[in-house]
Each structure stands twice: as structure tokens, then as C-alpha cells.
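The block underneath contains the structure these notes are about, expressed in C-alpha cells.
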Amino acid sequence: MDSAMAASGDVYRLGYRWLIKGPIDIVFDVLSHAQDYPKWWQPCFKSAESDDEVAVGARSHLRVRARLPYELIWDITLVELDRPNVMVVETNLRLSGRFPMHGPIRYTLTEGPNGVEVVNDQVIVAERRLPRPLRALLQRAFAYNHAWAFQIGGRGLQRAVDRIVASRSIVVG
């Protein structure tokens with residue numbers, strides 16, 4: 001992250017790791033179609049609109065609500081795509097419709113003997129600084145909410161991959 005980004009506001013670094021059983025191509029396809037998130041990432045994703053084609057420049061608009069009482073409105077642009085290993089999106093989001101934030105989210109997928117490791121790395125910058133005591137509290141709240149949402153998402157992603165594998169009669173080692 002460049003210093004100009006950090007100077008603009010508070011920086012929140014979030015990440016998560018999933019281990020998904022199934023072919024990497026299927027895991028990537030499910031993960032790269034944001035419009036389907038409400039189907040498998042429940043109850044977090046309330047709505048999703050997205051361009052049909054998964055390509056650099058594609059845009060998505062998402063409404064998300066996890067465990068804590070705030071909603072995130074995401075406007076996402078796909079900026080890097082290396083199928084089936086890397087997907088990077090640039091985000092602009094609003095916390096409860098009022099607090100603008102932005103930053104990149106990177107998904108890295110690696111196929112191994114135990115499944116596909118999916119690593120999510122986020123660097124989200126608030127466009128206004130909060131008082132120091134609130135920053136620490138908000139970082140903990142974001143981390144808690146993110147971890148809860150990603151536990152739910154990992155289970156949903158696995159179920160979605162399992163359904164596709166079963167429908168195609170693919171044998172997974």
C-alpha cells in the first residue's frame with residue numbers, strides 16, 4: 001500500500017483463509033461470480049448485481065450485513081484476473097451508508113493435496129480518521145465481523161462447489 005493511501009485515513013487490514021475441497025477451476029468460478037454470493041454466502045450477502053462477464057473492468061454492487069448492526073454497500077471493480085489463481089478487486093464501500101472507505105481485496109487460490117487454499121487479503125482505508133480510542137475499537141469490531149462472515153462464507157462456498165461437482169459427476173480425490 002502506498003503512503004498516499006495510508007495518509008488519507010484509518011487503515012484496516014483484514015484477511016481470511018479457506019481450504020475448499022474440489023477442483024480449483026470450479027472454486028474460482030464460484031468465487032468470481034459476485035452476483036451469486038447471496039445464493040451461497042448466507043445470511044451475509046443481501047443483494048448483488050454484477051456484470052455477466054468475469055473480466056477486468058467488470059463491476060459489481062453488493063449489500064452486505066454480517067453479525068454487527070451495520071450494513072456495507074460495496075461498489076467493486078475487477079482490476080486483475082489470472083484464472084484460476086488470482087482475482088483482485090478495487091472497492092469503494094460505505095459503512096451504514098455514511099462512512100466511505102476504499103481499497104483492494106485480493107483472492108489467491110492455490111491447489112494442494114488437501115484441496116484449494118483460498119486466501120483473502122483486504123486493505124480498507126476509511127476516508128476520514130476517527131479518534132484514536134475509536135480506531136482500536138473499530139478495528140476489533142471489523143475483525144470480529146469479518147471472521148464471522150468468512151466462516152459462514154467458507155461453508156457456503158464448499159456447499160456450492162460440492163453441488164457443482166455432484167452435478168457434473170466429478171470425482172474428487
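Just remember, in the C-alpha cells the first chain shown is A, the second B, etc., residues are 1-based per chain, and ligands are 1-based in the order shown.
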Quiz item: Tyr70 in chain A: which residues within 12 Å, counting only C-alpha atoms, same-chain residues fewer than 2 positions away excluded, as a ChimeraX atom specification?
Solution: /A:44,63-68,72-73,94-99,138,141-142,145
Would you export the selected residues with all heavy atoms as a short mmCIF file (atom, residue, chain, number, x, y, z; two decimals), in the first residue's frame, please?
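Written out: selection35.cif:
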data_model
loop_
_atom_site.label_atom_id
_atom_site.label_comp_id
_atom_site.auth_asym_id
_atom_site.auth_seq_id
_atom_site.Cartn_x
_atom_site.Cartn_y
_atom_site.Cartn_z
N CYS A 44 -25.10 -13.34 5.00
CA CYS A 44 -24.34 -12.08 4.90
C CYS A 44 -24.69 -11.23 3.69
O CYS A 44 -24.86 -10.02 3.81
CB CYS A 44 -22.84 -12.38 4.91
SG CYS A 44 -22.32 -13.25 6.40
N ARG A 63 -24.73 -5.54 -1.30
CA ARG A 63 -25.19 -5.12 0.03
C ARG A 63 -24.91 -6.27 0.98
O ARG A 63 -25.34 -7.40 0.73
CB ARG A 63 -26.69 -4.83 0.03
CG ARG A 63 -27.05 -3.50 -0.59
CD ARG A 63 -28.54 -3.18 -0.48
NE ARG A 63 -29.06 -3.36 0.86
CZ ARG A 63 -30.03 -4.24 1.19
NH1 ARG A 63 -30.58 -5.01 0.27
NH2 ARG A 63 -30.45 -4.35 2.44
N VAL A 64 -24.18 -5.97 2.07
CA VAL A 64 -23.73 -6.99 3.00
C VAL A 64 -24.10 -6.59 4.42
O VAL A 64 -23.95 -5.43 4.80
CB VAL A 64 -22.19 -7.17 2.90
CG1 VAL A 64 -21.69 -8.20 3.89
CG2 VAL A 64 -21.79 -7.54 1.48
N ARG A 65 -24.53 -7.57 5.18
CA ARG A 65 -24.78 -7.35 6.61
C ARG A 65 -24.34 -8.61 7.32
O ARG A 65 -24.85 -9.70 7.06
CB ARG A 65 -26.27 -7.11 6.85
CG ARG A 65 -26.66 -7.06 8.31
CD ARG A 65 -26.69 -5.62 8.81
NE ARG A 65 -26.87 -5.55 10.23
CZ ARG A 65 -28.00 -5.22 10.82
NH1 ARG A 65 -29.07 -4.96 10.12
NH2 ARG A 65 -28.05 -5.16 12.13
N ALA A 66 -23.41 -8.47 8.23
CA ALA A 66 -22.93 -9.64 8.98
C ALA A 66 -23.55 -9.61 10.38
O ALA A 66 -24.73 -9.30 10.53
CB ALA A 66 -21.41 -9.67 9.02
N ARG A 67 -22.78 -9.87 11.38
CA ARG A 67 -23.31 -10.01 12.73
C ARG A 67 -23.55 -8.68 13.43
O ARG A 67 -24.51 -8.54 14.19
CB ARG A 67 -22.34 -10.86 13.53
CG ARG A 67 -22.93 -11.38 14.78
CD ARG A 67 -22.18 -12.55 15.28
NE ARG A 67 -23.14 -13.64 15.40
CZ ARG A 67 -22.84 -14.82 15.85
NH1 ARG A 67 -21.62 -15.10 16.17
NH2 ARG A 67 -23.75 -15.73 15.96
N LEU A 68 -22.70 -7.71 13.21
CA LEU A 68 -22.83 -6.42 13.88
C LEU A 68 -23.85 -5.54 13.17
O LEU A 68 -24.10 -5.71 11.98
CB LEU A 68 -21.46 -5.73 13.97
CG LEU A 68 -20.43 -6.49 14.80
CD1 LEU A 68 -19.10 -5.75 14.81
CD2 LEU A 68 -20.92 -6.72 16.23
N LEU A 72 -22.87 -2.83 4.88
CA LEU A 72 -21.83 -2.37 3.96
C LEU A 72 -22.40 -2.38 2.55
O LEU A 72 -22.95 -3.39 2.11
CB LEU A 72 -20.59 -3.26 4.03
CG LEU A 72 -19.81 -3.23 5.33
CD1 LEU A 72 -18.75 -4.33 5.34
CD2 LEU A 72 -19.17 -1.88 5.55
N ILE A 73 -22.25 -1.27 1.86
CA ILE A 73 -22.63 -1.16 0.45
C ILE A 73 -21.32 -1.12 -0.33
O ILE A 73 -20.51 -0.20 -0.15
CB ILE A 73 -23.44 0.12 0.17
CG1 ILE A 73 -24.64 0.23 1.12
CG2 ILE A 73 -23.84 0.19 -1.30
CD1 ILE A 73 -25.67 -0.84 0.95
N ARG A 94 -19.39 1.89 1.61
CA ARG A 94 -19.93 2.80 2.62
C ARG A 94 -20.43 1.96 3.78
O ARG A 94 -21.20 1.02 3.59
CB ARG A 94 -21.06 3.63 2.03
CG ARG A 94 -20.56 4.64 0.99
CD ARG A 94 -21.67 5.38 0.28
NE ARG A 94 -22.73 4.57 -0.31
CZ ARG A 94 -22.61 3.82 -1.41
NH1 ARG A 94 -21.45 3.75 -2.03
NH2 ARG A 94 -23.63 3.14 -1.89
N LEU A 95 -19.99 2.33 4.96
CA LEU A 95 -20.41 1.69 6.19
C LEU A 95 -21.69 2.39 6.65
O LEU A 95 -21.68 3.59 6.88
CB LEU A 95 -19.31 1.82 7.24
CG LEU A 95 -19.60 1.31 8.64
CD1 LEU A 95 -19.71 -0.21 8.63
CD2 LEU A 95 -18.49 1.75 9.59
N SER A 96 -22.79 1.63 6.73
CA SER A 96 -24.11 2.17 7.10
C SER A 96 -24.50 3.37 6.25
O SER A 96 -25.16 4.29 6.71
CB SER A 96 -24.14 2.53 8.59
OG SER A 96 -24.02 1.36 9.36
N GLY A 97 -24.05 3.39 5.01
CA GLY A 97 -24.42 4.43 4.07
C GLY A 97 -23.75 5.78 4.28
O GLY A 97 -23.97 6.70 3.51
N ARG A 98 -22.93 5.91 5.33
CA ARG A 98 -22.39 7.24 5.66
C ARG A 98 -20.87 7.33 5.67
O ARG A 98 -20.35 8.42 5.47
CB ARG A 98 -22.89 7.66 7.03
CG ARG A 98 -24.39 7.86 7.10
CD ARG A 98 -24.76 8.28 8.47
NE ARG A 98 -24.35 7.22 9.38
CZ ARG A 98 -25.05 6.80 10.40
NH1 ARG A 98 -26.17 7.35 10.69
NH2 ARG A 98 -24.61 5.83 11.15
N PHE A 99 -20.19 6.28 5.97
CA PHE A 99 -18.74 6.35 6.16
C PHE A 99 -18.03 5.73 4.97
O PHE A 99 -17.95 4.51 4.86
CB PHE A 99 -18.34 5.67 7.46
CG PHE A 99 -19.01 6.26 8.67
CD1 PHE A 99 -20.09 5.63 9.27
CD2 PHE A 99 -18.57 7.47 9.18
CE1 PHE A 99 -20.72 6.19 10.36
CE2 PHE A 99 -19.19 8.04 10.28
CZ PHE A 99 -20.28 7.40 10.87
N LEU A 138 -12.95 0.00 16.50
CA LEU A 138 -13.47 -0.32 15.18
C LEU A 138 -12.65 -1.43 14.51
O LEU A 138 -13.21 -2.30 13.86
CB LEU A 138 -13.50 0.93 14.31
CG LEU A 138 -14.36 0.85 13.06
CD1 LEU A 138 -15.78 0.41 13.36
CD2 LEU A 138 -14.38 2.19 12.34
N ALA A 141 -13.86 -4.59 15.99
CA ALA A 141 -15.22 -4.88 15.50
C ALA A 141 -15.18 -5.40 14.07
O ALA A 141 -15.85 -6.38 13.73
CB ALA A 141 -16.09 -3.63 15.60
N PHE A 142 -14.40 -4.74 13.21
CA PHE A 142 -14.28 -5.19 11.82
C PHE A 142 -13.70 -6.60 11.77
O PHE A 142 -14.17 -7.45 11.01
CB PHE A 142 -13.38 -4.26 11.01
CG PHE A 142 -14.05 -2.99 10.55
CD1 PHE A 142 -13.28 -1.93 10.11
CD2 PHE A 142 -15.42 -2.84 10.55
CE1 PHE A 142 -13.87 -0.76 9.67
CE2 PHE A 142 -16.02 -1.68 10.12
CZ PHE A 142 -15.24 -0.62 9.68
N ASN A 145 -16.38 -9.14 12.92
CA ASN A 145 -17.44 -9.27 11.93
C ASN A 145 -16.93 -10.00 10.68
O ASN A 145 -17.61 -10.86 10.12
CB ASN A 145 -17.97 -7.88 11.57
CG ASN A 145 -19.45 -7.87 11.32
OD1 ASN A 145 -20.21 -8.60 11.93
ND2 ASN A 145 -19.86 -7.01 10.41
#
Quiz item: Quick one: residues within 9 Å of range 106-112 of chain A, only C-alpha atoms counted, chain neighbours fewer than 3 positions away excluded, as a ChimeraX atom specification?
Solution: /A:23-24,27-28,31,80,84-90,115-122
How about saving the chosen residues, N, CA, C and O atoms kept, as a CSV table (one decimal), in the first residue's frame?
chain,number,residue,atom,x,y,z
A,23,PRO,N,-12.1,-29.1,-7.5
A,23,PRO,CA,-11.2,-28.6,-8.5
A,23,PRO,C,-11.1,-27.1,-8.4
A,23,PRO,O,-12.0,-26.3,-8.2
A,24,ILE,N,-9.9,-26.6,-8.6
A,24,ILE,CA,-9.6,-25.2,-8.5
A,24,ILE,C,-10.4,-24.4,-9.5
A,24,ILE,O,-10.8,-23.2,-9.1
A,27,VAL,N,-13.8,-23.9,-7.9
A,27,VAL,CA,-13.8,-23.0,-6.8
A,27,VAL,C,-13.6,-21.5,-7.3
A,27,VAL,O,-14.3,-20.6,-6.8
A,28,PHE,N,-12.7,-21.3,-8.3
A,28,PHE,CA,-12.5,-20.0,-8.8
A,28,PHE,C,-13.8,-19.5,-9.5
A,28,PHE,O,-14.2,-18.3,-9.3
A,31,LEU,N,-16.3,-18.4,-6.9
A,31,LEU,CA,-15.9,-17.2,-6.2
A,31,LEU,C,-15.9,-16.0,-7.0
A,31,LEU,O,-16.1,-14.8,-6.6
A,80,GLU,N,-7.7,-7.2,-11.6
A,80,GLU,CA,-6.7,-8.1,-12.0
A,80,GLU,C,-7.3,-9.5,-12.0
A,80,GLU,O,-8.1,-9.9,-11.1
A,84,PRO,N,-6.9,-19.7,-12.9
A,84,PRO,CA,-7.8,-19.8,-11.7
A,84,PRO,C,-7.1,-19.4,-10.4
A,84,PRO,O,-7.5,-19.9,-9.3
A,85,ASN,N,-6.0,-18.6,-10.4
A,85,ASN,CA,-5.2,-18.4,-9.2
A,85,ASN,C,-5.4,-17.0,-8.5
A,85,ASN,O,-5.2,-17.0,-7.3
A,86,VAL,N,-5.7,-16.0,-9.3
A,86,VAL,CA,-5.7,-14.7,-8.6
A,86,VAL,C,-6.9,-13.8,-9.2
A,86,VAL,O,-7.2,-13.8,-10.4
A,87,MET,N,-7.5,-13.2,-8.2
A,87,MET,CA,-8.6,-12.2,-8.6
A,87,MET,C,-8.4,-11.0,-7.6
A,87,MET,O,-8.3,-11.2,-6.4
A,88,VAL,N,-8.3,-9.8,-8.2
A,88,VAL,CA,-8.1,-8.6,-7.3
A,88,VAL,C,-9.2,-7.6,-7.7
A,88,VAL,O,-9.4,-7.4,-8.9
A,89,VAL,N,-9.9,-7.1,-6.7
A,89,VAL,CA,-10.9,-6.1,-7.0
A,89,VAL,C,-10.5,-4.8,-6.2
A,89,VAL,O,-9.9,-4.9,-5.2
A,90,GLU,N,-10.9,-3.7,-6.8
A,90,GLU,CA,-10.8,-2.4,-6.1
A,90,GLU,C,-12.2,-2.1,-5.6
A,90,GLU,O,-13.2,-2.2,-6.3
A,115,GLY,N,-6.8,-29.9,-1.0
A,115,GLY,CA,-7.9,-29.0,-1.5
A,115,GLY,C,-7.3,-27.7,-2.0
A,115,GLY,O,-6.1,-27.6,-2.3
A,116,VAL,N,-8.2,-26.8,-2.2
A,116,VAL,CA,-7.8,-25.5,-2.8
A,116,VAL,C,-7.7,-24.5,-1.6
A,116,VAL,O,-8.7,-24.3,-0.9
A,117,GLU,N,-6.5,-23.9,-1.4
A,117,GLU,CA,-6.4,-22.9,-0.4
A,117,GLU,C,-6.8,-21.5,-1.0
A,117,GLU,O,-6.3,-21.2,-2.1
A,118,VAL,N,-7.8,-20.9,-0.4
A,118,VAL,CA,-8.2,-19.6,-0.9
A,118,VAL,C,-7.8,-18.6,0.2
A,118,VAL,O,-8.3,-18.7,1.3
A,119,VAL,N,-7.0,-17.6,-0.2
A,119,VAL,CA,-6.5,-16.6,0.8
A,119,VAL,C,-7.2,-15.3,0.3
A,119,VAL,O,-7.1,-14.9,-0.8
A,120,ASN,N,-7.8,-14.6,1.3
A,120,ASN,CA,-8.4,-13.3,1.1
A,120,ASN,C,-7.6,-12.3,1.9
A,120,ASN,O,-7.4,-12.4,3.1
A,121,ASP,N,-7.1,-11.3,1.2
A,121,ASP,CA,-6.4,-10.2,1.8
A,121,ASP,C,-7.1,-8.9,1.5
A,121,ASP,O,-7.3,-8.6,0.3
A,122,GLN,N,-7.4,-8.1,2.5
A,122,GLN,CA,-8.0,-6.8,2.3
A,122,GLN,C,-7.3,-5.7,3.0
A,122,GLN,O,-6.8,-5.9,4.1
Practice problem: Report as a PyMOL selection string: the residues of chain A with a DSSP assignment of alpha helix (DSSP H), based on the backbone of this structure. | Solution: chain A and resi 3-8+24-32+37-40+132-167
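Among the candidates A:Arg135, A:Trp148, A:Leu93, A:Arg159, the one nearest to Lys39 in chain A when counting only C-alpha atoms is A:Arg159.
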Practice problem: From the DSSP assignment of the backbone, select every residue of chain A that is strand (DSSP E), and format the answer as a ChimeraX atom specification. | Solution: /A:11-20,45-50,59-65,71-82,86-95,99-112,115-126
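What separates CA of Ile26 in chain A from CA of Gly57 in chain A is a distance of 21.6 Å.
The spacing separating CA of Ile20 in chain A from CA of Asp162 in chain A amounts to 9.5 Å.
Shortest separation to Gly156 in chain A among A:Asp75, A:Val125, A:Pro38, A:Leu130 occurs at residue A:Pro38, atoms counted being only C-alpha atoms.
Taking CA of Met101 in chain A and CA of Ile124 in chain A as endpoints, the distance between them is 6.4 Å.
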Quiz item: Looking at A:Arg17, A:Gly103, A:Gln35, A:Trp41, which one is nearest to Ala160 in chain A, with distances taken over only C-alpha atoms?
Solution: A:Trp41
